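Shown next: upload-v7.pdb, given as PDB, C-alpha atoms, pLDDT in the B column.
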ATOM      1  CA  MET A   1       0.000   0.000   0.000  1.00 45.00           C
ATOM      2  CA  ARG A   2       1.380   3.404  -1.033  1.00 51.00           C
ATOM      3  CA  ILE A   3       1.172   6.262   1.477  1.00 47.00           C
ATOM      4  CA  GLN A   4       0.165   9.569  -0.073  1.00 55.00           C
ATOM      5  CA  LYS A   5       2.794  12.308   0.189  1.00 52.00           C
ATOM      6  CA  PRO A   6       0.773  14.713   2.406  1.00 52.00           C
ATOM      7  CA  ILE A   7       0.043  11.927   4.905  1.00 47.00           C
ATOM      8  CA  LEU A   8       3.665  10.778   4.833  1.00 40.00           C
ATOM      9  CA  PHE A   9       4.809  14.355   5.470  1.00 42.00           C
ATOM     10  CA  LEU A  10       2.534  14.653   8.526  1.00 37.00           C
ATOM     11  CA  LEU A  11       3.748  11.332   9.913  1.00 35.00           C
ATOM     12  CA  VAL A  12       7.372  12.410   9.531  1.00 34.00           C
ATOM     13  CA  MET A  13       6.690  15.761  11.184  1.00 39.00           C
ATOM     14  CA  CYS A  14       4.977  14.120  14.176  1.00 39.00           C
ATOM     15  CA  PHE A  15       7.921  11.775  14.557  1.00 35.00           C
ATOM     16  CA  LEU A  16      10.416  14.639  14.400  1.00 35.00           C
ATOM     17  CA  ILE A  17       8.474  16.668  16.988  1.00 41.00           C
ATOM     18  CA  SER A  18       8.375  13.690  19.353  1.00 39.00           C
ATOM     19  CA  CYS A  19      12.060  12.944  18.897  1.00 38.00           C
ATOM     20  CA  ASN A  20      13.023  16.593  19.251  1.00 50.00           C
ATOM     21  CA  SER A  21      11.247  16.864  22.623  1.00 57.00           C
ATOM     22  CA  THR A  22      12.725  13.642  23.925  1.00 59.00           C
ATOM     23  CA  GLY A  23      16.178  14.419  22.596  1.00 65.00           C
ATOM     24  CA  LYS A  24      16.248  17.902  24.091  1.00 71.00           C
ATOM     25  CA  LEU A  25      15.239  16.689  27.546  1.00 83.00           C
ATOM     26  CA  THR A  26      17.670  13.787  27.399  1.00 82.00           C
ATOM     27  CA  SER A  27      20.606  16.068  26.652  1.00 82.00           C
ATOM     28  CA  LEU A  28      19.588  18.534  29.370  1.00 84.00           C
ATOM     29  CA  MET A  29      19.291  15.760  31.944  1.00 87.00           C
ATOM     30  CA  GLU A  30      23.044  15.201  31.806  1.00 88.00           C
ATOM     31  CA  ARG A  31      23.372  18.273  34.053  1.00 92.00           C
ATOM     32  CA  PRO A  32      19.826  19.259  35.066  1.00 94.00           C
ATOM     33  CA  GLU A  33      21.036  21.631  37.783  1.00 94.00           C
ATOM     34  CA  ASP A  34      22.687  23.811  35.105  1.00 95.00           C
ATOM     35  CA  VAL A  35      19.464  24.474  33.195  1.00 97.00           C
ATOM     36  CA  ARG A  36      18.194  28.044  33.655  1.00 97.00           C
ATOM     37  CA  ASN A  37      15.739  28.366  30.772  1.00 97.00           C
ATOM     38  CA  LEU A  38      13.530  25.728  29.182  1.00 97.00           C
ATOM     39  CA  SER A  39      11.007  26.268  26.390  1.00 97.00           C
ATOM     40  CA  LEU A  40       8.975  23.368  25.005  1.00 97.00           C
ATOM     41  CA  THR A  41       6.721  24.912  22.366  1.00 96.00           C
ATOM     42  CA  ASN A  42       4.392  23.099  19.974  1.00 96.00           C
ATOM     43  CA  ARG A  43       5.547  19.693  21.230  1.00 95.00           C
ATOM     44  CA  ARG A  44       2.105  18.030  21.605  1.00 96.00           C
ATOM     45  CA  LEU A  45       2.845  17.411  25.282  1.00 97.00           C
ATOM     46  CA  THR A  46      -0.094  16.226  27.395  1.00 98.00           C
ATOM     47  CA  ILE A  47       1.749  16.348  30.733  1.00 98.00           C
ATOM     48  CA  VAL A  48       4.690  18.226  32.186  1.00 98.00           C
ATOM     49  CA  PRO A  49       7.645  15.830  31.801  1.00 97.00           C
ATOM     50  CA  ASN A  50       8.909  14.403  35.095  1.00 96.00           C
ATOM     51  CA  GLU A  51      12.447  15.378  34.129  1.00 96.00           C
ATOM     52  CA  VAL A  52      11.567  19.021  34.733  1.00 97.00           C
ATOM     53  CA  GLN A  53      11.352  18.573  38.515  1.00 96.00           C
ATOM     54  CA  LYS A  54      15.100  17.886  38.646  1.00 96.00           C
ATOM     55  CA  MET A  55      15.933  21.228  37.024  1.00 97.00           C
ATOM     56  CA  VAL A  56      15.868  22.964  40.384  1.00 97.00           C
ATOM     57  CA  ASN A  57      17.679  26.094  39.178  1.00 98.00           C
ATOM     58  CA  LEU A  58      15.232  26.913  36.408  1.00 98.00           C
ATOM     59  CA  GLU A  59      14.396  30.609  36.139  1.00 98.00           C
ATOM     60  CA  GLN A  60      12.185  30.526  33.047  1.00 98.00           C
ATOM     61  CA  LEU A  61       9.860  27.699  32.007  1.00 98.00           C
ATOM     62  CA  VAL A  62       7.616  27.870  28.934  1.00 98.00           C
ATOM     63  CA  PHE A  63       5.091  25.323  27.651  1.00 98.00           C
ATOM     64  CA  PHE A  64       3.497  27.270  24.812  1.00 98.00           C
ATOM     65  CA  ARG A  65       0.906  25.570  22.581  1.00 98.00           C
ATOM     66  CA  ASN A  66       0.762  22.084  23.965  1.00 98.00           C
ATOM     67  CA  LYS A  67      -2.092  19.931  25.285  1.00 98.00           C
ATOM     68  CA  ILE A  68      -1.270  19.923  28.983  1.00 98.00           C
ATOM     69  CA  ASP A  69      -4.327  19.806  31.274  1.00 98.00           C
ATOM     70  CA  SER A  70      -2.761  20.284  34.716  1.00 98.00           C
ATOM     71  CA  ILE A  71       0.160  21.933  36.483  1.00 98.00           C
ATOM     72  CA  PRO A  72       1.690  19.179  38.657  1.00 98.00           C
ATOM     73  CA  SER A  73       2.541  19.487  42.333  1.00 98.00           C
ATOM     74  CA  PHE A  74       6.267  19.049  41.684  1.00 98.00           C
ATOM     75  CA  ILE A  75       6.287  22.511  40.111  1.00 98.00           C
ATOM     76  CA  GLY A  76       6.726  23.677  43.703  1.00 98.00           C
ATOM     77  CA  ASN A  77      10.276  22.243  43.661  1.00 97.00           C
ATOM     78  CA  LEU A  78      11.426  24.931  41.228  1.00 98.00           C
ATOM     79  CA  LYS A  79      12.049  27.581  43.873  1.00 98.00           C
ATOM     80  CA  ARG A  80      14.145  29.831  41.614  1.00 98.00           C
ATOM     81  CA  LEU A  81      11.488  30.137  38.937  1.00 98.00           C
ATOM     82  CA  GLU A  82      10.786  33.738  37.908  1.00 98.00           C
ATOM     83  CA  GLU A  83       8.699  33.204  34.780  1.00 98.00           C
ATOM     84  CA  LEU A  84       6.191  30.447  34.028  1.00 98.00           C
ATOM     85  CA  SER A  85       4.014  30.176  30.929  1.00 98.00           C
ATOM     86  CA  PHE A  86       1.355  27.636  30.024  1.00 98.00           C
ATOM     87  CA  GLN A  87      -0.278  29.798  27.370  1.00 98.00           C
ATOM     88  CA  SER A  88      -2.476  27.965  24.867  1.00 98.00           C
ATOM     89  CA  ASN A  89      -2.819  24.590  26.529  1.00 98.00           C
ATOM     90  CA  ARG A  90      -5.815  22.728  27.983  1.00 98.00           C
ATOM     91  CA  LEU A  91      -5.307  23.511  31.656  1.00 98.00           C
ATOM     92  CA  VAL A  92      -8.178  22.769  34.003  1.00 98.00           C
ATOM     93  CA  PHE A  93      -6.091  22.367  37.170  1.00 98.00           C
ATOM     94  CA  VAL A  94      -3.448  24.569  38.790  1.00 98.00           C
ATOM     95  CA  SER A  95      -1.772  22.834  41.725  1.00 98.00           C
ATOM     96  CA  PRO A  96      -1.678  24.703  45.075  1.00 98.00           C
ATOM     97  CA  GLU A  97       2.092  24.170  45.113  1.00 98.00           C
ATOM     98  CA  THR A  98       2.367  26.791  42.368  1.00 98.00           C
ATOM     99  CA  GLY A  99       1.835  29.301  45.161  1.00 98.00           C
ATOM    100  CA  SER A 100       5.144  28.363  46.783  1.00 98.00           C
ATOM    101  CA  LEU A 101       7.165  29.900  43.939  1.00 98.00           C
ATOM    102  CA  THR A 102       7.741  33.167  45.764  1.00 98.00           C
ATOM    103  CA  LYS A 103      10.373  34.435  43.294  1.00 98.00           C
ATOM    104  CA  MET A 104       7.887  34.303  40.432  1.00 98.00           C
ATOM    105  CA  ARG A 105       7.528  37.630  38.629  1.00 98.00           C
ATOM    106  CA  LYS A 106       5.512  36.623  35.571  1.00 98.00           C
ATOM    107  CA  LEU A 107       2.784  33.965  35.294  1.00 99.00           C
ATOM    108  CA  ASN A 108       0.999  33.381  31.989  1.00 99.00           C
ATOM    109  CA  LEU A 109      -2.014  31.043  31.969  1.00 99.00           C
ATOM    110  CA  ARG A 110      -3.780  32.604  28.972  1.00 98.00           C
ATOM    111  CA  PHE A 111      -5.958  30.552  26.605  1.00 98.00           C
ATOM    112  CA  ASN A 112      -6.808  27.576  28.797  1.00 98.00           C
ATOM    113  CA  ARG A 113      -9.900  26.073  30.447  1.00 98.00           C
ATOM    114  CA  ILE A 114      -9.337  27.063  34.070  1.00 98.00           C
ATOM    115  CA  ALA A 115     -12.530  27.502  36.114  1.00 98.00           C
ATOM    116  CA  THR A 116     -10.996  27.924  39.587  1.00 98.00           C
ATOM    117  CA  LEU A 117      -7.653  28.987  40.996  1.00 98.00           C
ATOM    118  CA  PRO A 118      -6.088  27.818  44.266  1.00 98.00           C
ATOM    119  CA  GLU A 119      -6.060  30.380  47.070  1.00 98.00           C
ATOM    120  CA  GLU A 120      -2.339  29.615  47.467  1.00 98.00           C
ATOM    121  CA  LEU A 121      -1.692  31.526  44.256  1.00 98.00           C
ATOM    122  CA  THR A 122      -1.991  34.724  46.286  1.00 98.00           C
ATOM    123  CA  ASN A 123       1.272  33.804  48.039  1.00 98.00           C
ATOM    124  CA  LEU A 124       3.227  34.832  44.937  1.00 98.00           C
ATOM    125  CA  TRP A 125       4.399  38.054  46.580  1.00 97.00           C
ATOM    126  CA  SER A 126       6.979  38.883  43.895  1.00 98.00           C
ATOM    127  CA  LEU A 127       4.484  38.619  41.043  1.00 98.00           C
ATOM    128  CA  VAL A 128       4.511  41.631  38.715  1.00 99.00           C
ATOM    129  CA  GLU A 129       2.455  40.300  35.784  1.00 99.00           C
ATOM    130  CA  LEU A 130      -0.458  37.844  35.845  1.00 99.00           C
ATOM    131  CA  ASP A 131      -2.217  36.859  32.619  1.00 99.00           C
ATOM    132  CA  LEU A 132      -5.469  34.916  33.020  1.00 99.00           C
ATOM    133  CA  ARG A 133      -7.172  35.932  29.786  1.00 98.00           C
ATOM    134  CA  ASN A 134      -9.426  33.563  27.859  1.00 98.00           C
ATOM    135  CA  ASN A 135     -10.291  31.051  30.560  1.00 98.00           C
ATOM    136  CA  CYS A 136     -13.519  29.954  32.283  1.00 98.00           C
ATOM    137  CA  LEU A 137     -13.074  31.760  35.601  1.00 98.00           C
ATOM    138  CA  LYS A 138     -16.195  32.771  37.512  1.00 97.00           C
ATOM    139  CA  LYS A 139     -14.382  34.096  40.546  1.00 97.00           C
ATOM    140  CA  LEU A 140     -10.904  34.908  41.797  1.00 98.00           C
ATOM    141  CA  PRO A 141      -9.156  33.985  45.053  1.00 98.00           C
ATOM    142  CA  GLU A 142     -10.452  36.147  47.895  1.00 98.00           C
ATOM    143  CA  ASN A 143      -6.963  37.311  48.847  1.00 98.00           C
ATOM    144  CA  MET A 144      -5.971  38.653  45.418  1.00 98.00           C
ATOM    145  CA  GLY A 145      -5.036  41.849  47.227  1.00 98.00           C
ATOM    146  CA  ASP A 146      -2.045  40.065  48.762  1.00 98.00           C
ATOM    147  CA  LEU A 147      -0.290  40.303  45.382  1.00 98.00           C
ATOM    148  CA  ARG A 148       0.902  43.774  46.336  1.00 98.00           C
ATOM    149  CA  ASN A 149       3.696  43.967  43.751  1.00 98.00           C
ATOM    150  CA  LEU A 150       1.356  43.253  40.860  1.00 98.00           C
ATOM    151  CA  GLU A 151       1.572  45.833  38.061  1.00 99.00           C
ATOM    152  CA  TYR A 152      -0.150  44.086  35.136  1.00 99.00           C
ATOM    153  CA  LEU A 153      -3.333  42.047  35.544  1.00 99.00           C
ATOM    154  CA  TYR A 154      -5.199  40.600  32.560  1.00 99.00           C
ATOM    155  CA  LEU A 155      -8.629  39.100  33.280  1.00 98.00           C
ATOM    156  CA  ASN A 156     -10.357  39.597  29.914  1.00 98.00           C
ATOM    157  CA  ASP A 157     -12.637  37.012  28.361  1.00 98.00           C
ATOM    158  CA  ASN A 158     -13.719  35.034  31.405  1.00 98.00           C
ATOM    159  CA  ASP A 159     -17.029  34.555  33.228  1.00 98.00           C
ATOM    160  CA  ILE A 160     -16.087  36.524  36.356  1.00 98.00           C
ATOM    161  CA  GLU A 161     -19.153  37.673  38.299  1.00 98.00           C
ATOM    162  CA  GLU A 162     -17.449  39.619  41.084  1.00 98.00           C
ATOM    163  CA  LEU A 163     -14.013  41.029  41.826  1.00 98.00           C
ATOM    164  CA  PRO A 164     -12.734  40.391  45.374  1.00 98.00           C
ATOM    165  CA  ALA A 165     -12.769  43.487  47.576  1.00 98.00           C
ATOM    166  CA  SER A 166      -9.164  42.826  48.617  1.00 98.00           C
ATOM    167  CA  MET A 167      -8.051  44.007  45.149  1.00 98.00           C
ATOM    168  CA  VAL A 168      -8.237  47.533  46.536  1.00 98.00           C
ATOM    169  CA  ASN A 169      -4.769  46.782  47.980  1.00 98.00           C
ATOM    170  CA  LEU A 170      -3.185  46.440  44.532  1.00 98.00           C
ATOM    171  CA  LYS A 171      -1.741  49.934  44.724  1.00 98.00           C
ATOM    172  CA  LYS A 172       1.067  49.270  42.225  1.00 98.00           C
ATOM    173  CA  LEU A 173      -1.306  48.144  39.490  1.00 98.00           C
ATOM    174  CA  ARG A 174      -0.564  50.009  36.256  1.00 98.00           C
ATOM    175  CA  LEU A 175      -2.725  47.958  33.904  1.00 99.00           C
ATOM    176  CA  LEU A 176      -6.046  46.250  34.629  1.00 99.00           C
ATOM    177  CA  HIS A 177      -8.127  44.523  31.954  1.00 98.00           C
ATOM    178  CA  ILE A 178     -11.515  43.183  33.090  1.00 98.00           C
ATOM    179  CA  GLY A 179     -13.334  43.449  29.779  1.00 98.00           C
ATOM    180  CA  ARG A 180     -15.731  40.781  28.490  1.00 98.00           C
ATOM    181  CA  ASN A 181     -16.773  39.328  31.813  1.00 98.00           C
ATOM    182  CA  HIS A 182     -20.122  39.108  33.628  1.00 97.00           C
ATOM    183  CA  LEU A 183     -19.779  41.401  36.645  1.00 98.00           C
ATOM    184  CA  LEU A 184     -23.202  41.250  38.294  1.00 96.00           C
ATOM    185  CA  ASP A 185     -22.877  44.602  40.074  1.00 95.00           C
ATOM    186  CA  GLY A 186     -20.856  46.354  37.403  1.00 96.00           C
ATOM    187  CA  VAL A 187     -17.436  47.909  37.812  1.00 98.00           C
ATOM    188  CA  PRO A 188     -16.706  48.137  41.575  1.00 97.00           C
ATOM    189  CA  ASP A 189     -16.083  51.525  43.187  1.00 97.00           C
ATOM    190  CA  PHE A 190     -12.709  50.460  44.576  1.00 98.00           C
ATOM    191  CA  ILE A 191     -11.203  50.575  41.064  1.00 98.00           C
ATOM    192  CA  GLY A 192     -11.065  54.331  41.608  1.00 98.00           C
ATOM    193  CA  GLU A 193      -8.635  53.805  44.486  1.00 98.00           C
ATOM    194  CA  LEU A 194      -6.033  52.090  42.306  1.00 98.00           C
ATOM    195  CA  SER A 195      -4.185  55.347  41.827  1.00 97.00           C
ATOM    196  CA  SER A 196      -1.268  53.931  39.789  1.00 98.00           C
ATOM    197  CA  LEU A 197      -3.510  52.779  36.925  1.00 98.00           C
ATOM    198  CA  ILE A 198      -2.391  53.941  33.485  1.00 98.00           C
ATOM    199  CA  GLU A 199      -4.498  51.571  31.370  1.00 98.00           C
ATOM    200  CA  LEU A 200      -7.967  50.209  32.188  1.00 98.00           C
ATOM    201  CA  ASP A 201     -10.286  48.020  30.102  1.00 98.00           C
ATOM    202  CA  VAL A 202     -13.883  47.744  31.340  1.00 98.00           C
ATOM    203  CA  SER A 203     -15.514  47.067  27.964  1.00 98.00           C
ATOM    204  CA  ARG A 204     -18.397  44.574  28.041  1.00 97.00           C
ATOM    205  CA  CYS A 205     -17.623  43.579  31.623  1.00 97.00           C
ATOM    206  CA  GLY A 206     -21.269  43.421  32.695  1.00 95.00           C
ATOM    207  CA  GLU A 207     -24.793  44.626  32.023  1.00 93.00           C
ATOM    208  CA  ASP A 208     -24.628  47.716  34.253  1.00 93.00           C
ATOM    209  CA  ALA A 209     -24.142  50.645  31.869  1.00 95.00           C
ATOM    210  CA  ASN A 210     -23.088  53.184  34.508  1.00 96.00           C
ATOM    211  CA  LEU A 211     -19.407  53.410  35.315  1.00 97.00           C
ATOM    212  CA  PRO A 212     -18.631  54.503  38.891  1.00 97.00           C
ATOM    213  CA  SER A 213     -17.831  58.139  39.594  1.00 96.00           C
ATOM    214  CA  SER A 214     -14.741  56.977  41.508  1.00 97.00           C
ATOM    215  CA  LEU A 215     -12.978  56.504  38.141  1.00 97.00           C
ATOM    216  CA  GLY A 216     -12.569  60.270  38.214  1.00 96.00           C
ATOM    217  CA  ASN A 217      -9.913  59.774  40.904  1.00 96.00           C
ATOM    218  CA  LEU A 218      -7.576  58.026  38.450  1.00 97.00           C
ATOM    219  CA  GLN A 219      -5.446  61.032  37.571  1.00 95.00           C
ATOM    220  CA  ARG A 220      -2.670  58.911  36.010  1.00 97.00           C
ATOM    221  CA  LEU A 221      -5.039  57.068  33.694  1.00 98.00           C
ATOM    222  CA  GLU A 222      -4.012  57.412  30.023  1.00 98.00           C
ATOM    223  CA  ILE A 223      -6.076  54.750  28.235  1.00 98.00           C
ATOM    224  CA  LEU A 224      -9.627  53.653  29.032  1.00 98.00           C
ATOM    225  CA  TYR A 225     -11.428  51.016  26.944  1.00 98.00           C
ATOM    226  CA  ILE A 226     -15.216  51.061  27.128  1.00 98.00           C
ATOM    227  CA  SER A 227     -18.223  49.747  25.185  1.00 97.00           C
ATOM    228  CA  PRO A 228     -20.755  51.898  23.290  1.00 97.00           C
ATOM    229  CA  TYR A 229     -23.495  51.243  25.884  1.00 96.00           C
ATOM    230  CA  GLN A 230     -21.428  52.334  28.898  1.00 97.00           C
ATOM    231  CA  VAL A 231     -22.044  55.756  30.453  1.00 97.00           C
ATOM    232  CA  LEU A 232     -19.016  57.756  31.556  1.00 96.00           C
ATOM    233  CA  PRO A 233     -19.156  59.593  34.893  1.00 95.00           C
ATOM    234  CA  TYR A 234     -18.994  63.392  34.765  1.00 93.00           C
ATOM    235  CA  GLU A 235     -15.884  63.365  36.974  1.00 92.00           C
ATOM    236  CA  LEU A 236     -13.814  61.271  34.567  1.00 93.00           C
ATOM    237  CA  GLY A 237     -10.955  63.054  32.833  1.00 83.00           C
ATOM    238  CA  ARG A 238     -11.324  66.391  34.610  1.00 86.00           C
ATOM    239  CA  GLY A 239      -7.803  67.794  34.884  1.00 84.00           C
ATOM    240  CA  ASN A 240      -6.347  64.837  32.968  1.00 90.00           C
ATOM    241  CA  SER A 241      -5.489  65.913  29.419  1.00 91.00           C
ATOM    242  CA  ARG A 242      -3.604  62.675  28.697  1.00 95.00           C
ATOM    243  CA  LEU A 243      -6.667  60.439  28.938  1.00 97.00           C
ATOM    244  CA  GLN A 244      -7.726  58.621  25.753  1.00 97.00           C
ATOM    245  CA  ILE A 245     -11.130  56.914  25.770  1.00 97.00           C
ATOM    246  CA  ILE A 246     -11.362  54.117  23.231  1.00 98.00           C
ATOM    247  CA  VAL A 247     -14.712  52.542  22.347  1.00 98.00           C
ATOM    248  CA  LYS A 248     -14.444  48.902  21.361  1.00 93.00           C
TER     249      LYS A 248
END
What is this structure when it is put down as structure tokens?
Amino acid sequence: MRIQKPILFLLVMCFLISCNSTGKLTSLMERPEDVRNLSLTNRRLTIVPNEVQKMVNLEQLVFFRNKIDSIPSFIGNLKRLEELSFQSNRLVFVSPETGSLTKMRKLNLRFNRIATLPEELTNLWSLVELDLRNNCLKKLPENMGDLRNLEYLYLNDNDIEELPASMVNLKKLRLLHIGRNHLLDGVPDFIGELSSLIELDVSRCGEDANLPSSLGNLQRLEILYISPYQVLPYELGRGNSRLQIIVK
């Protein structure tokens, strides 16, 4: 039986991808403690390889575009990790041990299927950027406000119904995107107390058309994304010539 060329090409490519992943990990395992950065992209992985837990000095770990459905508990062994990305996988589970990575500065979980997050995630005190876009989240950990060094928070395209009140403590936040969610009570007043905000996206974040007057307190705000149906408060932009309002 003759195999058609397109099918043969796909079979060869799958084989090469599999071998490339295995070969790369095998070579790195000769001295796993020397590995600082590891990126396994488009490798068709369904689990995080066990070999990774021995790379205890990892600082950057990327699993972009795979088919991984859970972050394992042994991720907590990687105490030096500063950047972790599982963007574009099939994550439904984030292990509580992820919260023990207290040197983490950037966590990217965008484009997955996460419905809940462990409360332990709020122990990531060094976190500067958190990307949770395009998931299935309905709520966030109650102690989100403990992430006091957070500067960039992306929550777009989820099913979030309420933002935890503790978020008022995120005083270093420069960017907050909460667009395309389902906030039952609209944009909370405490957003106006996040005085470091430069960019804010509240477009299509709920059915309440009225944006809170507290947004007028955001004197550093430069970019505000809204929807056509949302009503701007009178106080917004007074004395702030830099503010751009973008309807999307």
Output, as AutoDock Vina command-line options, the centre and edge lengths in Å (one decimal) of the axis-aligned box that contains all listed atoms of region 60-64 of chain A with 5 Å of margin on each side.
--center_x 7.8 --center_y 27.9 --center_z 28.9 --size_x 18.7 --size_y 15.2 --size_z 18.2
Study note, to complete from the structure: Val128 (chain A) proximity check over A:Glu33, A:Glu82, A:Asp159, A:Glu142, using only C-alpha atoms: winner is A:Glu82
Check your understanding: Near Arg204 (chain A), counting all atoms listed in the file, which residues have an atom at most 7 Å away, once you skip same-chain residues fewer than 6 positions from it, shown as a PyMOL selection string?
Key -> chain A and resi 179-181+227
Review point. Evaluating the PyMOL selection byres ((chain A and resi 47) around 12) on the displayed file yields which residues, as JSON, numbers by chain?
Key: {"A": [40, 43, 44, 45, 46, 48, 49, 50, 51, 52, 63, 66, 67, 68, 69, 70, 71, 72, 86, 89, 90, 91, 93]}
**Study point:** Length of the CA of Ile160 (chain A) to CA of Arg113 (chain A) vector [Å]
**Key:** 13.5 Å
Study note, to complete from the structure: Expressed in Å, the length from CA of Glu162 (chain A) to CA of Gly76 (chain A) is 29.1 Å
Expand the PyMOL selection byres ((chain A and resi 119) around 10) into the explicit residue set it covers here, and present it as a short mmCIF file (atom, residue, chain, number, x, y, z; two decimals) with C-alpha atoms, in the frame of the given file.
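As written to disk, expr.cif reads:
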data_model
loop_
_atom_site.label_atom_id
_atom_site.label_comp_id
_atom_site.auth_asym_id
_atom_site.auth_seq_id
_atom_site.Cartn_x
_atom_site.Cartn_y
_atom_site.Cartn_z
CA PRO A 96 -1.68 24.70 45.08
CA GLY A 99 1.84 29.30 45.16
CA THR A 116 -11.00 27.92 39.59
CA LEU A 117 -7.65 28.99 41.00
CA PRO A 118 -6.09 27.82 44.27
CA GLU A 120 -2.34 29.62 47.47
CA LEU A 121 -1.69 31.53 44.26
CA THR A 122 -1.99 34.72 46.29
CA ASN A 123 1.27 33.80 48.04
CA LEU A 140 -10.90 34.91 41.80
CA PRO A 141 -9.16 33.98 45.05
CA GLU A 142 -10.45 36.15 47.90
CA ASN A 143 -6.96 37.31 48.85
CA MET A 144 -5.97 38.65 45.42
#
Review point. Which polymer residues, protein or nucleic acid, are no farther than 9 Å from (-19.4, 33.4, 38.4), counting all atoms listed in the file, as a ChimeraX atom specification?
Key: /A:137-139,159-162,182-184
Write the selection just made, keeping C-alpha atoms, as an mmCIF file, in the coordinates of the input?
data_model
loop_
_atom_site.group_PDB
_atom_site.id
_atom_site.type_symbol
_atom_site.label_atom_id
_atom_site.label_comp_id
_atom_site.auth_asym_id
_atom_site.auth_seq_id
_atom_site.Cartn_x
_atom_site.Cartn_y
_atom_site.Cartn_z
ATOM 1 C CA LEU A 137 -13.074 31.760 35.601
ATOM 2 C CA LYS A 138 -16.195 32.771 37.512
ATOM 3 C CA LYS A 139 -14.382 34.096 40.546
ATOM 4 C CA ASP A 159 -17.029 34.555 33.228
ATOM 5 C CA ILE A 160 -16.087 36.524 36.356
ATOM 6 C CA GLU A 161 -19.153 37.673 38.299
ATOM 7 C CA GLU A 162 -17.449 39.619 41.084
ATOM 8 C CA HIS A 182 -20.122 39.108 33.628
ATOM 9 C CA LEU A 183 -19.779 41.401 36.645
ATOM 10 C CA LEU A 184 -23.202 41.250 38.294
#
Review point. Smallest atom-to-atom distance to Leu61 (chain A): which of A:Leu78, A:Leu197, A:Leu211, A:Leu38, using all atoms listed in the file?
Key: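 Among A:Leu78, A:Leu197, A:Leu211, A:Leu38, it is A:Leu38 that comes nearest to Leu61 (chain A).
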**Study point:** Answer key for the PyMOL selection byres ((chain A and resi 186) around 8), residues as a ChimeraX atom specification
**Key:** /A:183-185,187-188,205-211
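The two atoms in question, CA of Asn217 (chain A) and CA of Asn156 (chain A), are spaced 23.0 Å apart.
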